[in-house]
>>> print(open('work25.csv').read())   # CSV, N, CA and C atoms
chain,number,residue,atom,x,y,z
G,227,MET,N,21.6,215.2,171.3
G,227,MET,CA,22.7,215.0,172.3
G,227,MET,C,23.0,213.6,172.4
G,228,ARG,N,22.0,212.7,172.6
G,228,ARG,CA,22.3,211.3,172.8
G,228,ARG,C,23.0,210.7,171.6
G,229,ALA,N,22.6,211.1,170.4
G,229,ALA,CA,23.3,210.6,169.1
G,229,ALA,C,24.7,211.0,169.1
G,230,ALA,N,25.0,212.2,169.5
G,230,ALA,CA,26.4,212.7,169.5
G,230,ALA,C,27.3,211.9,170.5
G,231,VAL,N,26.7,211.6,171.7
G,231,VAL,CA,27.4,210.8,172.7
G,231,VAL,C,27.6,209.4,172.2
G,232,SER,N,26.6,208.8,171.6
G,232,SER,CA,26.7,207.5,171.0
G,232,SER,C,27.7,207.4,169.9
G,233,GLY,N,27.8,208.4,169.1
G,233,GLY,CA,28.8,208.4,168.0
G,233,GLY,C,30.2,208.6,168.5
G,234,ALA,N,30.4,209.4,169.6
G,234,ALA,CA,31.7,209.6,170.2
G,234,ALA,C,32.2,208.3,170.9
G,235,LEU,N,31.3,207.6,171.5
G,235,LEU,CA,31.6,206.4,172.3
G,235,LEU,C,31.6,205.1,171.4
G,236,ARG,N,30.9,205.2,170.3
G,236,ARG,CA,30.7,204.1,169.4
G,236,ARG,C,29.9,202.9,170.2
G,237,ARG,N,29.0,203.4,171.0
G,237,ARG,CA,28.1,202.5,171.8
G,237,ARG,C,26.7,203.1,171.8
G,238,PRO,N,25.7,202.2,172.0
G,238,PRO,CA,24.4,202.7,172.1
G,238,PRO,C,24.2,203.5,173.4
G,239,VAL,N,23.3,204.5,173.3
G,239,VAL,CA,22.9,205.3,174.4
G,239,VAL,C,21.5,205.2,174.7
G,240,ALA,N,21.1,205.0,175.9
G,240,ALA,CA,19.7,204.9,176.3
G,240,ALA,C,19.4,205.8,177.5
G,241,THR,N,18.1,206.0,177.7
G,241,THR,CA,17.7,206.9,178.8
G,241,THR,C,17.6,206.1,180.1
G,242,LEU,N,17.6,206.7,181.2
G,242,LEU,CA,17.5,206.0,182.5
G,242,LEU,C,16.2,205.3,182.6
G,243,ASP,N,15.1,205.8,182.0
G,243,ASP,CA,13.8,205.1,182.2
G,243,ASP,C,13.6,204.0,181.1
G,244,ALA,N,14.5,203.8,180.2
G,244,ALA,CA,14.4,202.7,179.2
G,244,ALA,C,15.8,202.2,178.9
G,245,PRO,N,16.5,201.6,179.9
G,245,PRO,CA,17.8,201.1,179.7
G,245,PRO,C,17.9,199.9,178.7
G,246,ALA,N,19.0,199.8,178.1
G,246,ALA,CA,19.2,198.7,177.1
G,246,ALA,C,20.6,198.0,177.5
G,247,ASP,N,20.7,196.7,177.2
G,247,ASP,CA,21.9,196.0,177.5
G,247,ASP,C,23.1,196.6,176.7
G,248,GLY,N,24.2,196.8,177.4
G,248,GLY,CA,25.4,197.3,176.8
G,248,GLY,C,25.3,198.8,176.5
G,249,ALA,N,24.3,199.5,176.8
G,249,ALA,CA,24.1,200.9,176.5
G,249,ALA,C,24.7,201.8,177.6
G,250,VAL,N,25.2,202.9,177.2
G,250,VAL,CA,25.5,204.0,178.2
G,250,VAL,C,24.2,204.7,178.5
G,251,LEU,N,24.0,204.9,179.8
G,251,LEU,CA,22.7,205.5,180.2
G,251,LEU,C,23.0,207.0,180.4
G,252,CYS,N,22.1,207.8,179.8
G,252,CYS,CA,22.2,209.3,179.9
G,252,CYS,C,20.9,209.9,180.3
G,253,ASP,N,21.1,210.9,181.2
G,253,ASP,CA,20.0,211.7,181.7
G,253,ASP,C,20.2,213.1,181.2
G,254,VAL,N,19.3,213.7,180.5
G,254,VAL,CA,19.4,215.0,179.9
G,254,VAL,C,18.3,215.9,180.5
G,255,TRP,N,18.6,217.1,180.9
G,255,TRP,CA,17.6,218.0,181.4
G,255,TRP,C,18.1,219.4,181.1
G,256,HIS,N,17.1,220.4,181.2
G,256,HIS,CA,17.4,221.7,180.8
G,256,HIS,C,17.3,222.7,182.0
G,257,VAL,N,18.2,223.7,182.0
G,257,VAL,CA,18.2,224.8,183.0
G,257,VAL,C,18.4,226.0,182.2
G,258,GLY,N,18.5,227.2,182.9
G,258,GLY,CA,18.8,228.4,182.2
G,258,GLY,C,20.3,228.6,182.1
G,259,GLY,N,20.8,229.8,181.9
G,259,GLY,CA,22.2,230.1,181.8
G,259,GLY,C,22.8,229.9,180.4
G,260,ASP,N,24.1,230.1,180.3
G,260,ASP,CA,24.8,230.0,179.0
G,260,ASP,C,25.0,228.6,178.6
G,261,PHE,N,24.8,227.6,179.5
G,261,PHE,CA,25.0,226.2,179.2
G,261,PHE,C,23.7,225.5,179.7
G,262,PRO,N,22.6,225.7,178.9
G,262,PRO,CA,21.3,225.3,179.4
G,262,PRO,C,20.9,223.8,179.3
G,263,THR,N,21.7,223.0,178.7
G,263,THR,CA,21.5,221.6,178.7
G,263,THR,C,22.5,220.8,179.5
G,264,LEU,N,22.0,220.0,180.5
G,264,LEU,CA,22.9,219.2,181.3
G,264,LEU,C,22.7,217.8,181.0
G,265,ILE,N,23.8,217.0,181.0
G,265,ILE,CA,23.8,215.6,180.7
G,265,ILE,C,24.7,214.9,181.7
G,266,GLU,N,24.1,213.8,182.2
G,266,GLU,CA,24.9,212.9,183.1
G,266,GLU,C,24.9,211.5,182.4
G,267,CYS,N,26.0,210.9,182.3
G,267,CYS,CA,26.1,209.6,181.7
G,267,CYS,C,26.6,208.6,182.7
G,268,PHE,N,26.1,207.4,182.6
G,268,PHE,CA,26.4,206.3,183.5
G,268,PHE,C,26.8,205.1,182.7
G,269,LEU,N,27.7,204.3,183.2
G,269,LEU,CA,28.1,203.0,182.5
G,269,LEU,C,28.9,203.3,181.3
G,270,ALA,N,29.6,204.5,181.2
G,270,ALA,CA,30.4,204.8,180.1
G,270,ALA,C,31.7,203.9,180.2
G,271,PRO,N,32.2,203.6,179.0
G,271,PRO,CA,33.5,202.7,179.1
G,271,PRO,C,34.6,203.5,179.7
G,272,GLY,N,35.4,202.8,180.5
G,272,GLY,CA,36.5,203.4,181.2
G,272,GLY,C,37.8,203.6,180.4
G,273,ASP,N,37.8,203.1,179.2
G,273,ASP,CA,39.0,203.2,178.4
G,273,ASP,C,39.2,204.5,177.7
G,274,LEU,N,38.3,205.5,177.8
G,274,LEU,CA,38.4,206.8,177.2
G,274,LEU,C,38.3,207.8,178.3
G,275,ALA,N,39.1,208.8,178.2
G,275,ALA,CA,39.1,209.9,179.2
G,275,ALA,C,37.8,210.8,178.9
G,276,GLU,N,37.2,211.3,180.0
G,276,GLU,CA,36.1,212.1,179.9
G,276,GLU,C,36.3,213.3,179.0
G,277,SER,N,37.5,213.9,179.1
G,277,SER,CA,37.8,215.1,178.3
G,277,SER,C,37.8,214.7,176.8
G,278,THR,N,38.3,213.5,176.5
G,278,THR,CA,38.3,213.1,175.1
G,278,THR,C,36.9,212.9,174.5
G,279,ILE,N,36.0,212.3,175.4
G,279,ILE,CA,34.6,212.1,175.0
G,279,ILE,C,34.0,213.5,174.8
G,280,ALA,N,34.2,214.4,175.8
G,280,ALA,CA,33.5,215.7,175.7
G,280,ALA,C,34.0,216.5,174.5
G,281,SER,N,35.3,216.4,174.1
G,281,SER,CA,35.8,217.0,172.9
G,281,SER,C,35.1,216.5,171.7
G,282,ALA,N,35.0,215.2,171.6
G,282,ALA,CA,34.4,214.6,170.4
G,282,ALA,C,32.9,214.9,170.3
G,283,VAL,N,32.2,215.0,171.5
G,283,VAL,CA,30.8,215.4,171.5
G,283,VAL,C,30.6,216.8,171.0
G,284,SER,N,31.5,217.7,171.6
G,284,SER,CA,31.5,219.1,171.2
G,284,SER,C,31.7,219.3,169.7
G,285,VAL,N,32.6,218.6,169.1
G,285,VAL,CA,32.8,218.7,167.7
G,285,VAL,C,31.6,218.2,166.9
G,286,ARG,N,31.0,217.1,167.3
G,286,ARG,CA,29.8,216.6,166.7
G,286,ARG,C,28.6,217.5,166.8
G,287,LEU,N,28.5,218.2,167.9
G,287,LEU,CA,27.3,219.1,168.1
G,287,LEU,C,27.6,220.5,167.6
G,288,GLY,N,28.9,220.8,167.4
G,288,GLY,CA,29.2,222.2,167.0
G,288,GLY,C,28.9,223.2,168.1
G,289,ALA,N,29.0,222.8,169.4
G,289,ALA,CA,28.7,223.6,170.5
G,289,ALA,C,29.7,223.4,171.6
G,290,ASP,N,29.9,224.5,172.4
G,290,ASP,CA,30.8,224.4,173.6
G,290,ASP,C,30.1,223.5,174.7
G,291,LEU,N,31.0,222.8,175.4
G,291,LEU,CA,30.6,221.9,176.5
G,291,LEU,C,31.4,222.2,177.7
G,292,LEU,N,30.9,222.1,178.9
G,292,LEU,CA,31.6,222.2,180.1
G,292,LEU,C,31.7,220.8,180.7
G,293,LEU,N,32.9,220.5,181.3
G,293,LEU,CA,33.0,219.3,182.1
G,293,LEU,C,33.8,219.6,183.3
G,294,PRO,N,33.6,218.8,184.3
G,294,PRO,CA,34.4,219.1,185.6
G,294,PRO,C,35.9,219.0,185.3
G,295,ASP,N,36.7,219.8,186.0
G,295,ASP,CA,38.1,219.6,185.9
G,295,ASP,C,38.6,218.8,187.1
G,296,ASP,N,39.9,218.8,187.3
G,296,ASP,CA,40.6,218.0,188.3
G,296,ASP,C,40.9,218.8,189.6
G,297,THR,N,40.3,219.9,189.8
G,297,THR,CA,40.5,220.7,191.0
G,297,THR,C,39.3,220.6,191.9
G,298,LEU,N,39.4,221.2,193.0
G,298,LEU,CA,38.3,221.3,194.0
G,298,LEU,C,37.6,222.7,193.9
G,299,ASN,N,38.0,223.5,192.9
G,299,ASN,CA,37.5,224.8,192.8
G,299,ASN,C,36.1,224.7,192.1
G,300,PRO,N,35.1,225.1,192.8
G,300,PRO,CA,33.7,224.9,192.4
G,300,PRO,C,33.3,225.7,191.1
G,301,THR,N,34.0,226.7,190.8
G,301,THR,CA,33.7,227.5,189.6
G,301,THR,C,34.6,227.2,188.4
G,302,ARG,N,35.5,226.2,188.5
G,302,ARG,CA,36.4,225.9,187.4
G,302,ARG,C,36.0,224.7,186.7
G,303,TYR,N,36.0,224.8,185.4
G,303,TYR,CA,35.7,223.7,184.5
G,303,TYR,C,36.6,223.6,183.3
G,304,VAL,N,36.5,222.5,182.5
G,304,VAL,CA,37.2,222.4,181.3
G,304,VAL,C,36.2,222.7,180.2
G,305,LEU,N,36.5,223.6,179.3
G,305,LEU,CA,35.7,223.9,178.2
G,305,LEU,C,36.1,223.1,177.0
G,306,ALA,N,35.2,222.3,176.4
G,306,ALA,CA,35.5,221.6,175.2
G,306,ALA,C,34.8,222.5,174.1
G,307,GLU,N,35.6,222.9,173.1
G,307,GLU,CA,35.1,223.7,172.0
G,307,GLU,C,35.0,222.9,170.7
G,308,PRO,N,34.1,223.4,169.8
G,308,PRO,CA,33.8,222.7,168.6
G,308,PRO,C,35.0,222.4,167.7
G,309,ASP,N,36.1,223.1,167.9
G,309,ASP,CA,37.3,222.9,167.1
G,309,ASP,C,38.2,221.8,167.7
G,310,GLY,N,37.7,221.2,168.8
G,310,GLY,CA,38.5,220.2,169.5
G,310,GLY,C,39.4,220.8,170.7
G,311,THR,N,39.4,222.1,170.9
G,311,THR,CA,40.2,222.7,171.9
G,311,THR,C,39.7,222.4,173.3
G,312,LEU,N,40.5,222.1,174.2
G,312,LEU,CA,40.1,221.9,175.7
G,312,LEU,C,40.9,223.0,176.4
G,313,ARG,N,40.2,223.8,177.3
G,313,ARG,CA,40.9,224.8,178.1
G,313,ARG,C,40.2,225.0,179.4
G,314,ALA,N,40.9,225.5,180.4
G,314,ALA,CA,40.4,225.8,181.7
G,314,ALA,C,39.6,227.1,181.7
G,315,VAL,N,38.5,227.1,182.3
G,315,VAL,CA,37.7,228.3,182.4
G,315,VAL,C,37.0,228.4,183.8
G,316,HIS,N,36.5,229.6,184.1
G,316,HIS,CA,35.6,229.8,185.2
G,316,HIS,C,34.3,230.2,184.8
G,317,VAL,N,33.3,229.9,185.6
G,317,VAL,CA,31.9,230.4,185.3
G,317,VAL,C,31.3,230.8,186.6
G,318,GLU,N,30.2,231.6,186.5
G,318,GLU,CA,29.4,232.0,187.7
G,318,GLU,C,28.3,230.9,187.8
G,319,GLU,N,28.0,230.5,189.0
G,319,GLU,CA,26.9,229.5,189.2
G,319,GLU,C,25.8,230.0,190.0
G,320,VAL,N,24.6,229.7,189.7
G,320,VAL,CA,23.4,230.1,190.4
G,320,VAL,C,22.6,228.8,190.6
G,321,GLU,N,22.2,228.5,191.8
G,321,GLU,CA,21.3,227.3,192.0
G,321,GLU,C,19.9,227.7,191.8
G,322,THR,N,19.2,226.9,191.0
G,322,THR,CA,17.8,227.2,190.8
G,322,THR,C,17.0,225.9,191.1
G,323,ASP,N,15.7,226.0,191.0
G,323,ASP,CA,14.8,224.8,191.2
G,323,ASP,C,15.1,223.7,190.2
G,324,ASP,N,15.5,224.2,189.0
G,324,ASP,CA,15.7,223.2,187.9
G,324,ASP,C,17.2,222.6,187.9
G,325,GLY,N,18.0,223.2,188.6
G,325,GLY,CA,19.4,222.8,188.6
G,325,GLY,C,20.4,224.0,188.6
G,326,THR,N,21.6,223.7,188.5
G,326,THR,CA,22.6,224.8,188.5
G,326,THR,C,22.8,225.5,187.1
G,327,GLU,N,22.6,226.8,187.1
G,327,GLU,CA,22.8,227.6,185.9
G,327,GLU,C,24.2,228.1,185.9
G,328,ARG,N,24.9,228.0,184.7
G,328,ARG,CA,26.3,228.4,184.6
G,328,ARG,C,26.3,229.5,183.5
G,329,SER,N,27.0,230.6,183.8
G,329,SER,CA,27.1,231.7,182.9
G,329,SER,C,28.3,232.5,183.1
G,330,HIS,N,28.6,233.5,182.3
G,330,HIS,CA,29.7,234.4,182.4
G,330,HIS,C,31.0,233.7,182.4
G,331,LEU,N,31.2,232.9,181.3
G,331,LEU,CA,32.4,232.1,181.0
G,331,LEU,C,33.6,233.1,180.8
G,332,ARG,N,34.7,232.7,181.4
G,332,ARG,CA,35.9,233.5,181.2
G,332,ARG,C,37.1,232.5,181.4
G,333,PRO,N,38.2,232.8,180.7
G,333,PRO,CA,39.4,231.9,180.9
G,333,PRO,C,39.9,231.9,182.3
G,334,CYS,N,40.5,230.7,182.7
G,334,CYS,CA,41.2,230.6,183.9
G,334,CYS,C,42.6,231.2,183.7
G,335,THR,N,42.9,232.3,184.3
G,335,THR,CA,44.2,232.9,184.1
G,335,THR,C,45.2,232.7,185.2
G,336,GLY,N,44.7,232.3,186.3
G,336,GLY,CA,45.5,232.2,187.6
G,336,GLY,C,45.4,233.5,188.3
G,337,ASP,N,45.0,234.6,187.7
G,337,ASP,CA,44.8,235.9,188.3
G,337,ASP,C,43.3,236.2,188.6
G,338,ASP,N,42.4,235.4,188.1
G,338,ASP,CA,41.0,235.6,188.3
G,338,ASP,C,40.7,235.5,189.7
G,339,PRO,N,39.8,236.3,190.3
G,339,PRO,CA,39.4,236.2,191.7
G,339,PRO,C,38.9,234.8,192.0
G,340,ALA,N,38.3,234.1,191.1
G,340,ALA,CA,37.8,232.8,191.3
G,340,ALA,C,39.0,231.8,191.6
G,341,CYS,N,40.1,232.1,191.0
G,341,CYS,CA,41.3,231.2,191.3
G,341,CYS,C,41.7,231.3,192.7
G,342,ALA,N,41.6,232.5,193.3
G,342,ALA,CA,42.0,232.7,194.7
G,342,ALA,C,41.0,232.1,195.7
G,343,ARG,N,39.7,232.0,195.2
G,343,ARG,CA,38.7,231.5,196.1
G,343,ARG,C,38.7,229.9,196.3
G,344,GLY,N,39.2,229.3,195.3
G,344,GLY,CA,39.2,227.8,195.3
G,344,GLY,C,40.6,227.2,195.1
G,345,PRO,N,40.8,226.0,195.6
G,345,PRO,CA,42.1,225.4,195.4
G,345,PRO,C,42.4,224.8,194.1
G,346,GLY,N,43.6,224.8,193.7
G,346,GLY,CA,44.0,223.9,192.6
G,346,GLY,C,44.3,224.4,191.2
G,347,CYS,N,44.0,225.7,190.9
G,347,CYS,CA,44.1,226.1,189.5
G,347,CYS,C,45.5,225.9,189.0
G,348,GLY,N,46.5,226.3,189.8
G,348,GLY,CA,47.9,226.2,189.4
G,348,GLY,C,48.4,224.7,189.4
G,349,ARG,N,47.7,223.8,190.1
G,349,ARG,CA,48.2,222.4,190.2
G,349,ARG,C,47.5,221.5,189.3
G,350,SER,N,46.5,222.1,188.5
G,350,SER,CA,45.7,221.3,187.6
G,350,SER,C,46.4,220.8,186.4
G,351,ARG,N,46.0,219.7,185.8
G,351,ARG,CA,46.5,219.3,184.5
G,351,ARG,C,46.1,220.3,183.5
G,352,TRP,N,45.0,221.1,183.7
G,352,TRP,CA,44.6,222.1,182.8
G,352,TRP,C,45.1,223.4,183.3
G,353,LYS,N,46.2,223.9,182.8
G,353,LYS,CA,46.9,225.0,183.4
G,353,LYS,C,46.2,226.3,183.0
G,354,PRO,N,46.3,227.3,183.9
G,354,PRO,CA,45.7,228.6,183.6
G,354,PRO,C,46.3,229.2,182.3
G,355,ALA,N,45.5,230.0,181.6
G,355,ALA,CA,46.0,230.6,180.3
G,355,ALA,C,46.9,231.7,180.6
G,356,PRO,N,48.0,231.8,179.9
G,356,PRO,CA,48.9,232.9,180.1
G,356,PRO,C,48.3,234.2,179.7
G,357,THR,N,48.7,235.3,180.4
G,357,THR,CA,48.3,236.7,180.0
G,357,THR,C,49.5,237.5,180.0
G,358,PRO,N,49.4,238.8,179.5
G,358,PRO,CA,50.6,239.6,179.5
G,358,PRO,C,51.2,239.8,180.9
G,359,GLU,N,50.3,239.9,181.9
G,359,GLU,CA,50.8,240.1,183.2
G,359,GLU,C,51.3,238.8,183.8
G,360,ARG,N,51.0,237.7,183.3
G,360,ARG,CA,51.4,236.4,183.8
G,360,ARG,C,51.7,235.4,182.7
G,361,PRO,N,52.9,235.6,182.1
G,361,PRO,CA,53.3,234.7,181.0
G,361,PRO,C,53.4,233.2,181.3
G,362,ALA,N,53.4,232.4,180.3
G,362,ALA,CA,53.5,230.9,180.6
G,362,ALA,C,54.8,230.6,181.1
G,363,ALA,N,54.9,229.6,181.9
G,363,ALA,CA,56.2,229.1,182.4
G,363,ALA,C,57.0,228.5,181.3
G,364,ALA,N,58.3,228.7,181.4
G,364,ALA,CA,59.2,228.2,180.3
G,364,ALA,C,59.4,226.7,180.5
>>> encode(input="work25.csv", output="structure tokens")
Amino acid sequence: MRAAVSGALRRPVATLDAPADGAVLCDVWHVGGDFPTLIECFLAPGDLAESTIASAVSVRLGADLLLPDDTLNPTRYVLAEPDGTLRAVHVEEVETDDGTERSHLRPCTGDDPACARGPGCGRSRWKPAPTPERPAAA
């Protein structure tokens, strides 16, 4: 994980307990669910968007990654896929002693019950995916 982040940022990555000058600090831990590895990074360069970094890391790892989106909806995330695609999704969350487990990934369609529970799906940079019942805006 740290090597993928380092490659995407083109900067060294260190752990919180062994920081290094000029390095991005990353904390990695494991929980259950469909996205069992969590990573938090500190001191990342501000010249790259978080979504760009997540997409590059996803491609390097060949694995899906979730990152926070720009809404206040607690179940909505941006999914970075190994082919470089970024799209809005919803997940179910369960708090555990090890951290938040996320599972049951599904596209954000604007019609999902989770869209009604939280604000912002329609106002996000990451628009809901069109469906036959709700086509994309022209």
>>> closest_residue(input="work25.csv", among="G:Leu291, G:Ala246, G:Cys267, G:Val257", to="Pro308 in chain G", atoms="only N, CA and C atoms")
G:Leu291
>>> residues_around(input="work25.csv", residues="Ser281 in chain G", least_positions_apart="4", cutoff="6.5 Å", atoms="all atoms listed in the file", output="PyMOL selection string")
chain G and resi 276-277+285-286+306-307+310
>>> atom_distance(input="work25.csv", atom1="CA of Trp352 in chain G", atom2="CA of Thr301 in chain G")
13.9 Å
>>> atom_distance(input="work25.csv", atom1="CA of Val239 in chain G", atom2="CA of Leu251 in chain G")
5.8 Å
>>> atom_distance(input="work25.csv", atom1="CA of Leu274 in chain G", atom2="atom N of Arg237 in chain G")
11.8 Å
>>> closest_residue(input="work25.csv", among="G:Ser232, G:Asn299, G:Ser329, G:Thr263", to="Cys341 in chain G", atoms="all atoms listed in the file")
G:Asn299
>>> closest_residue(input="work25.csv", among="G:Thr335, G:Leu312, G:Ala282, G:Arg351", to="Gly233 in chain G", atoms="only N, CA and C atoms")
G:Ala282
>>> closest_residue(input="work25.csv", among="G:Ala249, G:Ala244, G:Ala230, G:Leu298", to="Ala270 in chain G", atoms="only N, CA and C atoms")
G:Ala249
>>> select_by_dssp(input="work25.csv", residues="chain G", states="strand (DSSP E)", output="MDAnalysis selection string")
chainID G and resid 239:241 250:256 263:268 291:294 302:306 312:322 325:333
>>> residues_around(input="work25.csv", residues="Glu327 in chain G", least_positions_apart="5", cutoff="6 Å", atoms="only C-alpha atoms", output="PyMOL selection string")
chain G and resi 258-259+319-320
>>> write_last_selection(input="work25.csv", atoms="N, CA and C atoms", output="tab-separated table (two decimals), in the frame of the given file")
chain	number	residue	atom	x	y	z
G	258	GLY	N	18.50	227.20	182.90
G	258	GLY	CA	18.80	228.40	182.20
G	258	GLY	C	20.30	228.60	182.10
G	259	GLY	N	20.80	229.80	181.90
G	259	GLY	CA	22.20	230.10	181.80
G	259	GLY	C	22.80	229.90	180.40
G	319	GLU	N	28.00	230.50	189.00
G	319	GLU	CA	26.90	229.50	189.20
G	319	GLU	C	25.80	230.00	190.00
G	320	VAL	N	24.60	229.70	189.70
G	320	VAL	CA	23.40	230.10	190.40
G	320	VAL	C	22.60	228.80	190.60
>>> residues_near_point(input="work25.csv", point="(44.4, 226.4, 182.4)", cutoff="8 Å", atoms="only C-alpha atoms", output="ChimeraX atom specification")
/G:313-315,333-336,347-348,350-355
>>> select_by_dssp(input="work25.csv", residues="range 237-342 of chain G", states="alpha helix (DSSP H)", output="list in words")
Glu276, Ser277, Thr278, Ile279, Ala280, Ser281, Ala282, Val283, Ser284, Val285, Arg286, Leu287, Pro339, Ala340, Cys341 and Ala342 of chain G
>>> closest_residue(input="work25.csv", among="G:Phe261, G:Asp243, G:Gly272, G:Ala342", to="Leu305 in chain G", atoms="only C-alpha atoms")
G:Phe261
>>> closest_residue(input="work25.csv", among="G:Val231, G:Val304, G:Ala289, G:Ala275", to="Asp260 in chain G", atoms="only C-alpha atoms")
G:Ala289
